[in-house]
file protein-v4.pdb (PDB, C-alpha atoms)
ATOM      1  CA  MET L   1      10.721  48.223  -6.529
ATOM      2  CA  SER L   2      10.157  50.658  -9.409
ATOM      3  CA  ALA L   3       6.625  51.641 -10.364
ATOM      4  CA  GLN L   4       6.984  49.876 -13.716
ATOM      5  CA  ARG L   5       8.190  46.675 -12.064
ATOM      6  CA  GLU L   6       5.402  46.872  -9.522
ATOM      7  CA  ARG L   7       2.793  47.213 -12.272
ATOM      8  CA  ALA L   8       4.271  44.232 -14.108
ATOM      9  CA  VAL L   9       4.134  42.070 -10.979
ATOM     10  CA  HIS L  10       0.550  43.178 -10.335
ATOM     11  CA  THR L  11      -0.480  42.370 -13.917
ATOM     12  CA  ARG L  12       1.139  38.938 -13.762
ATOM     13  CA  THR L  13      -0.639  38.173 -10.489
ATOM     14  CA  ARG L  14      -3.993  39.254 -11.961
ATOM     15  CA  LEU L  15      -3.428  37.067 -15.011
ATOM     16  CA  LEU L  16      -2.598  33.994 -12.911
ATOM     17  CA  GLN L  17      -5.655  34.518 -10.726
ATOM     18  CA  ALA L  18      -7.885  35.067 -13.736
ATOM     19  CA  ALA L  19      -6.493  32.010 -15.507
ATOM     20  CA  ALA L  20      -7.086  29.855 -12.436
ATOM     21  CA  GLU L  21     -10.703  31.046 -12.275
ATOM     22  CA  VAL L  22     -11.307  30.444 -15.975
ATOM     23  CA  PHE L  23      -9.562  27.036 -16.003
ATOM     24  CA  ASP L  24     -11.541  25.983 -12.932
ATOM     25  CA  ARG L  25     -14.855  27.005 -14.460
ATOM     26  CA  GLU L  26     -14.358  25.931 -18.076
ATOM     27  CA  GLY L  27     -11.580  23.335 -17.897
ATOM     28  CA  PHE L  28      -8.195  23.904 -19.486
ATOM     29  CA  ALA L  29      -9.123  22.599 -22.931
ATOM     30  CA  GLY L  30     -12.314  24.657 -23.035
ATOM     31  CA  SER L  31     -10.673  27.901 -21.922
ATOM     32  CA  SER L  32      -9.405  30.701 -24.129
ATOM     33  CA  LEU L  33      -6.842  33.437 -23.651
ATOM     34  CA  THR L  34      -9.561  35.910 -24.594
ATOM     35  CA  ALA L  35     -11.585  34.799 -21.578
ATOM     36  CA  VAL L  36      -8.525  35.061 -19.327
ATOM     37  CA  CYS L  37      -7.750  38.580 -20.557
ATOM     38  CA  SER L  38     -11.367  39.625 -20.078
ATOM     39  CA  ARG L  39     -11.397  38.238 -16.559
ATOM     40  CA  ALA L  40      -8.100  39.953 -15.697
ATOM     41  CA  ASP L  41      -9.129  43.141 -17.528
ATOM     42  CA  VAL L  42      -5.884  43.277 -19.499
ATOM     43  CA  SER L  43      -5.085  43.299 -23.197
ATOM     44  CA  LYS L  44      -3.772  40.355 -25.180
ATOM     45  CA  GLY L  45      -0.544  42.308 -25.616
ATOM     46  CA  ALA L  46      -0.135  42.606 -21.848
ATOM     47  CA  LEU L  47      -0.709  38.883 -21.480
ATOM     48  CA  TYR L  48       1.912  38.027 -24.099
ATOM     49  CA  CYS L  49       4.434  40.196 -22.248
ATOM     50  CA  HIS L  50       4.228  37.633 -19.435
ATOM     51  CA  PHE L  51       3.067  34.349 -21.010
ATOM     52  CA  ARG L  52       3.639  33.163 -24.535
ATOM     53  CA  SER L  53       0.688  30.723 -24.562
ATOM     54  CA  LYS L  54      -2.174  29.199 -22.619
ATOM     55  CA  GLU L  55       0.104  26.281 -21.755
ATOM     56  CA  ALA L  56       2.670  28.700 -20.288
ATOM     57  CA  LEU L  57      -0.062  30.115 -18.067
ATOM     58  CA  GLY L  58      -0.897  26.622 -16.854
ATOM     59  CA  VAL L  59       2.739  25.809 -16.094
ATOM     60  CA  ALA L  60       3.053  29.074 -14.145
ATOM     61  CA  ILE L  61       0.022  28.162 -12.012
ATOM     62  CA  ILE L  62       1.561  24.767 -11.261
ATOM     63  CA  GLU L  63       4.911  26.317 -10.434
ATOM     64  CA  GLU L  64       3.264  28.813  -8.081
ATOM     65  CA  GLN L  65       2.308  25.820  -5.938
ATOM     66  CA  SER L  66       5.659  24.042  -6.185
ATOM     67  CA  LEU L  67       6.741  25.229  -2.743
ATOM     68  CA  LEU L  68       3.399  24.601  -1.035
ATOM     69  CA  TRP L  69       4.487  21.340   0.593
ATOM     70  CA  HIS L  70       7.681  22.990   1.831
ATOM     71  CA  ARG L  71       5.646  25.789   3.416
ATOM     72  CA  LEU L  72       3.184  23.332   4.939
ATOM     73  CA  ARG L  73       6.055  21.276   6.360
ATOM     74  CA  ASP L  74       7.546  24.302   8.068
ATOM     75  CA  GLU L  75       4.172  25.510   9.380
ATOM     76  CA  VAL L  76       3.233  22.133  10.837
ATOM     77  CA  LEU L  77       6.654  21.376  12.325
ATOM     78  CA  ALA L  78       6.500  24.711  14.145
ATOM     79  CA  VAL L  79       3.615  23.392  16.282
ATOM     80  CA  GLU L  80       3.911  19.588  16.032
ATOM     81  CA  PRO L  81       6.880  17.863  17.743
ATOM     82  CA  SER L  82       6.281  14.467  16.096
ATOM     83  CA  PRO L  83       7.560  14.384  12.483
ATOM     84  CA  VAL L  84       5.175  11.553  11.558
ATOM     85  CA  GLN L  85       2.214  13.386  13.038
ATOM     86  CA  ALA L  86       3.404  16.470  11.180
ATOM     87  CA  LEU L  87       3.367  14.481   7.926
ATOM     88  CA  ILE L  88      -0.180  13.291   8.577
ATOM     89  CA  ALA L  89      -1.322  16.786   9.525
ATOM     90  CA  MET L  90       0.335  18.207   6.434
ATOM     91  CA  SER L  91      -1.567  15.806   4.187
ATOM     92  CA  PHE L  92      -4.881  16.849   5.736
ATOM     93  CA  GLU L  93      -3.969  20.529   5.405
ATOM     94  CA  PHE L  94      -3.264  19.931   1.726
ATOM     95  CA  VAL L  95      -6.746  18.434   1.365
ATOM     96  CA  SER L  96      -8.151  21.537   3.046
ATOM     97  CA  ARG L  97      -6.275  23.720   0.556
ATOM     98  CA  LEU L  98      -7.728  21.668  -2.299
ATOM     99  CA  GLU L  99     -11.181  22.491  -0.947
ATOM    100  CA  THR L 100     -10.631  26.182  -0.207
ATOM    101  CA  ASP L 101      -7.730  27.477  -2.326
ATOM    102  CA  LEU L 102      -8.589  27.966  -5.996
ATOM    103  CA  THR L 103      -4.993  27.960  -7.206
ATOM    104  CA  VAL L 104      -4.129  24.749  -5.361
ATOM    105  CA  ARG L 105      -7.223  23.041  -6.756
ATOM    106  CA  VAL L 106      -6.548  24.182 -10.311
ATOM    107  CA  SER L 107      -2.878  23.218 -10.075
ATOM    108  CA  ALA L 108      -3.887  19.691  -9.066
ATOM    109  CA  LYS L 109      -6.320  19.518 -11.986
ATOM    110  CA  LEU L 110      -3.742  20.753 -14.478
ATOM    111  CA  LEU L 111      -1.225  18.120 -13.422
ATOM    112  CA  ARG L 112      -3.728  15.483 -14.538
ATOM    113  CA  GLU L 113      -3.828  17.015 -18.030
ATOM    114  CA  ALA L 114      -1.663  15.187 -20.556
ATOM    115  CA  VAL L 115      -0.289  18.473 -21.894
ATOM    116  CA  PHE L 116       1.307  19.243 -18.521
ATOM    117  CA  PHE L 117       2.283  15.821 -17.273
ATOM    118  CA  ASP L 118       5.521  15.490 -19.225
ATOM    119  CA  VAL L 119       6.683  19.056 -18.595
ATOM    120  CA  ALA L 120       5.695  19.594 -14.956
ATOM    121  CA  ALA L 121       4.804  16.380 -13.140
ATOM    122  CA  ALA L 122       8.340  15.081 -12.574
ATOM    123  CA  ALA L 123       9.511  18.249 -10.812
ATOM    124  CA  GLN L 124       6.387  18.344  -8.660
ATOM    125  CA  VAL L 125       6.669  14.703  -7.619
ATOM    126  CA  ILE L 126      10.382  15.067  -6.842
ATOM    127  CA  GLY L 127       9.571  18.055  -4.650
ATOM    128  CA  TRP L 128       6.847  16.175  -2.775
ATOM    129  CA  VAL L 129       9.066  13.134  -2.265
ATOM    130  CA  THR L 130      11.825  15.371  -0.926
ATOM    131  CA  VAL L 131       9.528  16.915   1.685
ATOM    132  CA  VAL L 132       8.185  13.541   2.802
ATOM    133  CA  ARG L 133      11.690  12.072   2.909
ATOM    134  CA  ASP L 134      12.887  14.968   5.076
ATOM    135  CA  LEU L 135      10.057  14.364   7.538
ATOM    136  CA  LEU L 136      10.724  10.632   7.623
ATOM    137  CA  SER L 137      14.426  11.304   8.231
ATOM    138  CA  LEU L 138      13.454  13.483  11.185
ATOM    139  CA  ALA L 139      11.145  10.724  12.370
ATOM    140  CA  ARG L 140      14.043   8.286  12.260
ATOM    141  CA  GLU L 141      16.129  10.659  14.372
ATOM    142  CA  HIS L 142      13.234  10.821  16.857
ATOM    143  CA  GLY L 143      13.016   7.036  17.008
ATOM    144  CA  GLU L 144       9.524   6.953  15.508
ATOM    145  CA  LEU L 145      10.150   4.662  12.521
ATOM    146  CA  ARG L 146      10.307   0.912  12.523
ATOM    147  CA  PRO L 147      13.936  -0.213  11.995
ATOM    148  CA  GLU L 148      13.265  -1.932   8.670
ATOM    149  CA  VAL L 149      11.796   1.186   7.012
ATOM    150  CA  ASN L 150      13.790   2.489   4.042
ATOM    151  CA  VAL L 151      13.224   6.240   4.148
ATOM    152  CA  ARG L 152      13.621   6.876   0.417
ATOM    153  CA  HIS L 153      11.383   3.999  -0.602
ATOM    154  CA  ALA L 154       8.786   4.905   2.016
ATOM    155  CA  ALA L 155       8.716   8.533   0.862
ATOM    156  CA  GLU L 156       8.102   7.524  -2.751
ATOM    157  CA  GLN L 157       5.415   5.061  -1.675
ATOM    158  CA  ILE L 158       3.609   7.634   0.455
ATOM    159  CA  VAL L 159       3.569  10.179  -2.364
ATOM    160  CA  ALA L 160       2.299   7.500  -4.770
ATOM    161  CA  GLU L 161      -0.480   6.574  -2.352
ATOM    162  CA  LEU L 162      -1.507  10.190  -1.792
ATOM    163  CA  LEU L 163      -1.614  10.919  -5.521
ATOM    164  CA  GLY L 164      -3.522   7.716  -6.208
ATOM    165  CA  LEU L 165      -5.972   8.541  -3.453
ATOM    166  CA  GLN L 166      -6.762  11.899  -5.068
ATOM    167  CA  PHE L 167      -7.331  10.222  -8.423
ATOM    168  CA  VAL L 168      -9.635   7.519  -7.021
ATOM    169  CA  ALA L 169     -11.630   9.981  -4.918
ATOM    170  CA  GLN L 170     -12.039  12.343  -7.867
ATOM    171  CA  ALA L 171     -13.110   9.530 -10.187
ATOM    172  CA  LEU L 172     -15.608   7.920  -7.814
ATOM    173  CA  THR L 173     -17.049  10.780  -5.771
ATOM    174  CA  GLY L 174     -15.774  13.994  -7.296
ATOM    175  CA  GLY L 175     -13.342  14.228  -4.396
ATOM    176  CA  THR L 176     -16.071  14.739  -1.787
ATOM    177  CA  ASP L 177     -14.827  11.941   0.470
ATOM    178  CA  LEU L 178     -11.095  12.587   0.122
ATOM    179  CA  ARG L 179     -10.675  13.384   3.812
ATOM    180  CA  VAL L 180     -12.328  10.104   4.859
ATOM    181  CA  ARG L 181     -10.195   8.157   2.402
ATOM    182  CA  LEU L 182      -7.066   9.881   3.667
ATOM    183  CA  SER L 183      -7.863   8.892   7.241
ATOM    184  CA  ARG L 184      -8.354   5.280   6.179
ATOM    185  CA  LEU L 185      -5.083   5.334   4.260
ATOM    186  CA  TRP L 186      -3.038   6.533   7.241
ATOM    187  CA  ARG L 187      -4.694   4.048   9.594
ATOM    188  CA  ALA L 188      -3.885   1.213   7.201
ATOM    189  CA  THR L 189      -0.291   2.146   6.409
ATOM    190  CA  SER L 190       1.043   3.694   9.602
ATOM    191  CA  GLY L 191       1.499   0.309  11.294
ATOM    192  CA  CYS L 192       4.129  -0.608   8.709
ATOM    193  CA  LEU L 193       5.843   2.741   9.127
ATOM    194  CA  VAL L 194       6.112   3.567  12.824
ATOM    195  CA  THR L 195       6.676   1.677  16.056
ATOM    196  CA  ALA L 196       3.669   0.458  18.026
ATOM    197  CA  PRO L 197       3.972   3.076  20.821
ATOM    198  CA  VAL L 198       4.136   5.889  18.266
ATOM    199  CA  ARG L 199       1.122   4.581  16.350
ATOM    200  CA  GLU L 200      -0.972   4.586  19.516
ATOM    201  CA  ARG L 201      -0.396   8.324  19.824
ATOM    202  CA  LEU L 202      -1.092   9.275  16.215
ATOM    203  CA  ARG L 203      -4.204  11.225  15.209
ATOM    204  CA  PHE L 204      -5.693  10.276  11.856
ATOM    205  CA  GLU L 205      -7.982  13.210  11.173
TER     206      GLU L 205
END
call {"tool": "encode", "arguments": {"input": "protein-v4.pdb", "output": "structure tokens"}}
result
Amino acid sequence: MSAQRERAVHTRTRLLQAAAEVFDREGFAGSSLTAVCSRADVSKGALYCHFRSKEALGVAIIEEQSLLWHRLRDEVLAVEPSPVQALIAMSFEFVSRLETDLTVRVSAKLLREAVFFDVAAAAQVIGWVTVVRDLLSLAREHGELRPEVNVRHAAEQIVAELLGLQFVAQALTGGTDLRVRLSRLWRATSGCLVTAPVRERLRFE
């Protein structure tokens, strides 16, 4: 990589990190590009070389996380032989990232903003459904699913439930009990998804 290209990549990374910090602290609507530039210690001109607007910065943060579920799937499957258990573990790891990873948390917040929903939500949801569907297909191959389960429908339902759970937890408790709610969700829904012997072995935390 040339020195110029390396500097450009470094500047872009600094801008995304700075934007995530400013959006997290001040909210997207209350943030300014001036604050982002100050936080990143770059000029407005340098910012506009990479992002044409504040909205473009937000989309870039969301897109940075677009492959997170794919990475989590691969990480969990490397150590977990049960695809359904891997799916459960992946959902809890995502909650952990929401608590500890600034960019993941801000990306989730931005997706709830009306300005981003129409331009970014569909691609994100399709990606999540694809990952869940892949895991459920593996679970079917392993004989873990109940015979009546429709993999595509189940994947869409699971993603809908996980997104709804985040919204409810955020609205009622600021997201502080999301892990407890997630455990309750899996305990309630797993019986309709997997066979009885498999459910007895599942861990819901």
call {"tool": "closest_residue", "arguments": {"input": "protein-v4.pdb", "among": "L:Val131, L:Val42, L:Leu182, L:Ala20", "to": "Arg105 (chain L)", "atoms": "all atoms listed in the file"}}
result
L:Ala20
call {"tool": "resolve_selection", "arguments": {"input": "protein-v4.pdb", "expression": "the PyMOL selection byres ((chain L and resi 46-62) around 7)", "output": "CSV table (one decimal) with C-alpha atoms, in the frame of the given file"}}
result
chain,number,residue,atom,x,y,z
L,12,ARG,CA,1.1,38.9,-13.8
L,16,LEU,CA,-2.6,34.0,-12.9
L,33,LEU,CA,-6.8,33.4,-23.7
L,42,VAL,CA,-5.9,43.3,-19.5
L,43,SER,CA,-5.1,43.3,-23.2
L,44,LYS,CA,-3.8,40.4,-25.2
L,45,GLY,CA,-0.5,42.3,-25.6
L,63,GLU,CA,4.9,26.3,-10.4
L,64,GLU,CA,3.3,28.8,-8.1
L,65,GLN,CA,2.3,25.8,-5.9
L,66,SER,CA,5.7,24.0,-6.2
L,103,THR,CA,-5.0,28.0,-7.2
L,107,SER,CA,-2.9,23.2,-10.1
L,110,LEU,CA,-3.7,20.8,-14.5
L,120,ALA,CA,5.7,19.6,-15.0
call {"tool": "residues_around", "arguments": {"input": "protein-v4.pdb", "residues": "region 89-94 of chain L", "least_positions_apart": "3", "cutoff": "10 Å", "atoms": "all atoms listed in the file", "output": "ChimeraX atom specification"}}
result
/L:68-77,80,83-86,97-101,104-105,132,162,178-179,182-183,186,203-205
call {"tool": "closest_residue", "arguments": {"input": "protein-v4.pdb", "among": "L:Ala121, L:Arg181, L:Trp128, L:Ser82", "to": "Arg199 (chain L)", "atoms": "only C-alpha atoms"}}
result
L:Ser82
call {"tool": "resolve_selection", "arguments": {"input": "protein-v4.pdb", "expression": "the PyMOL selection byres ((chain L and resi 190) around 12)", "output": "PyMOL selection string"}}
result
chain L and resi 84-85+87-88+144-146+149+154+158+182-189+191-204
call {"tool": "atom_distance", "arguments": {"input": "protein-v4.pdb", "atom1": "CA of Phe23 (chain L)", "atom2": "CA of Val36 (chain L)"}}
result
8.7 Å
call {"tool": "atom_distance", "arguments": {"input": "protein-v4.pdb", "atom1": "CA of Arg14 (chain L)", "atom2": "CA of Glu26 (chain L)"}}
result
18.0 Å
call {"tool": "build_atoms", "arguments": {"input": "protein-v4.pdb", "residues": "region 149-170 of chain L", "atoms": "N, CA and C atoms", "output": "compact mmCIF listing (two decimals), in the coordinates of the input"}}
result
# COMPACT_ATOMS: atom_id res chain seq x y z
N VAL L 149 12.30 0.21 7.98
CA VAL L 149 11.80 1.19 7.01
C VAL L 149 12.94 1.83 6.24
N ASN L 150 12.86 1.78 4.92
CA ASN L 150 13.79 2.49 4.04
C ASN L 150 13.17 3.85 3.75
N VAL L 151 13.82 4.91 4.20
CA VAL L 151 13.22 6.24 4.15
C VAL L 151 12.92 6.67 2.71
N ARG L 152 13.85 6.46 1.80
CA ARG L 152 13.62 6.88 0.42
C ARG L 152 12.47 6.11 -0.21
N HIS L 153 12.46 4.80 -0.03
CA HIS L 153 11.38 4.00 -0.60
C HIS L 153 10.04 4.36 0.02
N ALA L 154 10.03 4.57 1.33
CA ALA L 154 8.79 4.90 2.02
C ALA L 154 8.25 6.25 1.54
N ALA L 155 9.15 7.21 1.32
CA ALA L 155 8.72 8.53 0.86
C ALA L 155 8.06 8.44 -0.52
N GLU L 156 8.68 7.69 -1.42
CA GLU L 156 8.10 7.52 -2.75
C GLU L 156 6.76 6.80 -2.68
N GLN L 157 6.66 5.80 -1.81
CA GLN L 157 5.42 5.06 -1.68
C GLN L 157 4.31 5.94 -1.12
N ILE L 158 4.62 6.75 -0.14
CA ILE L 158 3.61 7.63 0.46
C ILE L 158 3.09 8.63 -0.58
N VAL L 159 3.99 9.23 -1.33
CA VAL L 159 3.57 10.18 -2.36
C VAL L 159 2.71 9.47 -3.40
N ALA L 160 3.09 8.27 -3.80
CA ALA L 160 2.30 7.50 -4.77
C ALA L 160 0.90 7.23 -4.23
N GLU L 161 0.82 6.86 -2.96
CA GLU L 161 -0.48 6.57 -2.35
C GLU L 161 -1.34 7.83 -2.26
N LEU L 162 -0.74 8.96 -1.90
CA LEU L 162 -1.51 10.19 -1.79
C LEU L 162 -2.01 10.66 -3.16
N LEU L 163 -1.18 10.54 -4.18
CA LEU L 163 -1.61 10.92 -5.52
C LEU L 163 -2.71 9.98 -6.02
N GLY L 164 -2.51 8.68 -5.80
CA GLY L 164 -3.52 7.72 -6.21
C GLY L 164 -4.84 7.92 -5.49
N LEU L 165 -4.76 8.29 -4.23
CA LEU L 165 -5.97 8.54 -3.45
C LEU L 165 -6.77 9.69 -4.04
N GLN L 166 -6.08 10.77 -4.44
CA GLN L 166 -6.76 11.90 -5.07
C GLN L 166 -7.46 11.46 -6.35
N PHE L 167 -6.77 10.66 -7.15
CA PHE L 167 -7.33 10.22 -8.42
C PHE L 167 -8.58 9.37 -8.21
N VAL L 168 -8.49 8.41 -7.28
CA VAL L 168 -9.64 7.52 -7.02
C VAL L 168 -10.81 8.31 -6.47
N ALA L 169 -10.55 9.19 -5.51
CA ALA L 169 -11.63 9.98 -4.92
C ALA L 169 -12.29 10.87 -5.97
N GLN L 170 -11.49 11.48 -6.82
CA GLN L 170 -12.04 12.34 -7.87
C GLN L 170 -12.88 11.55 -8.86
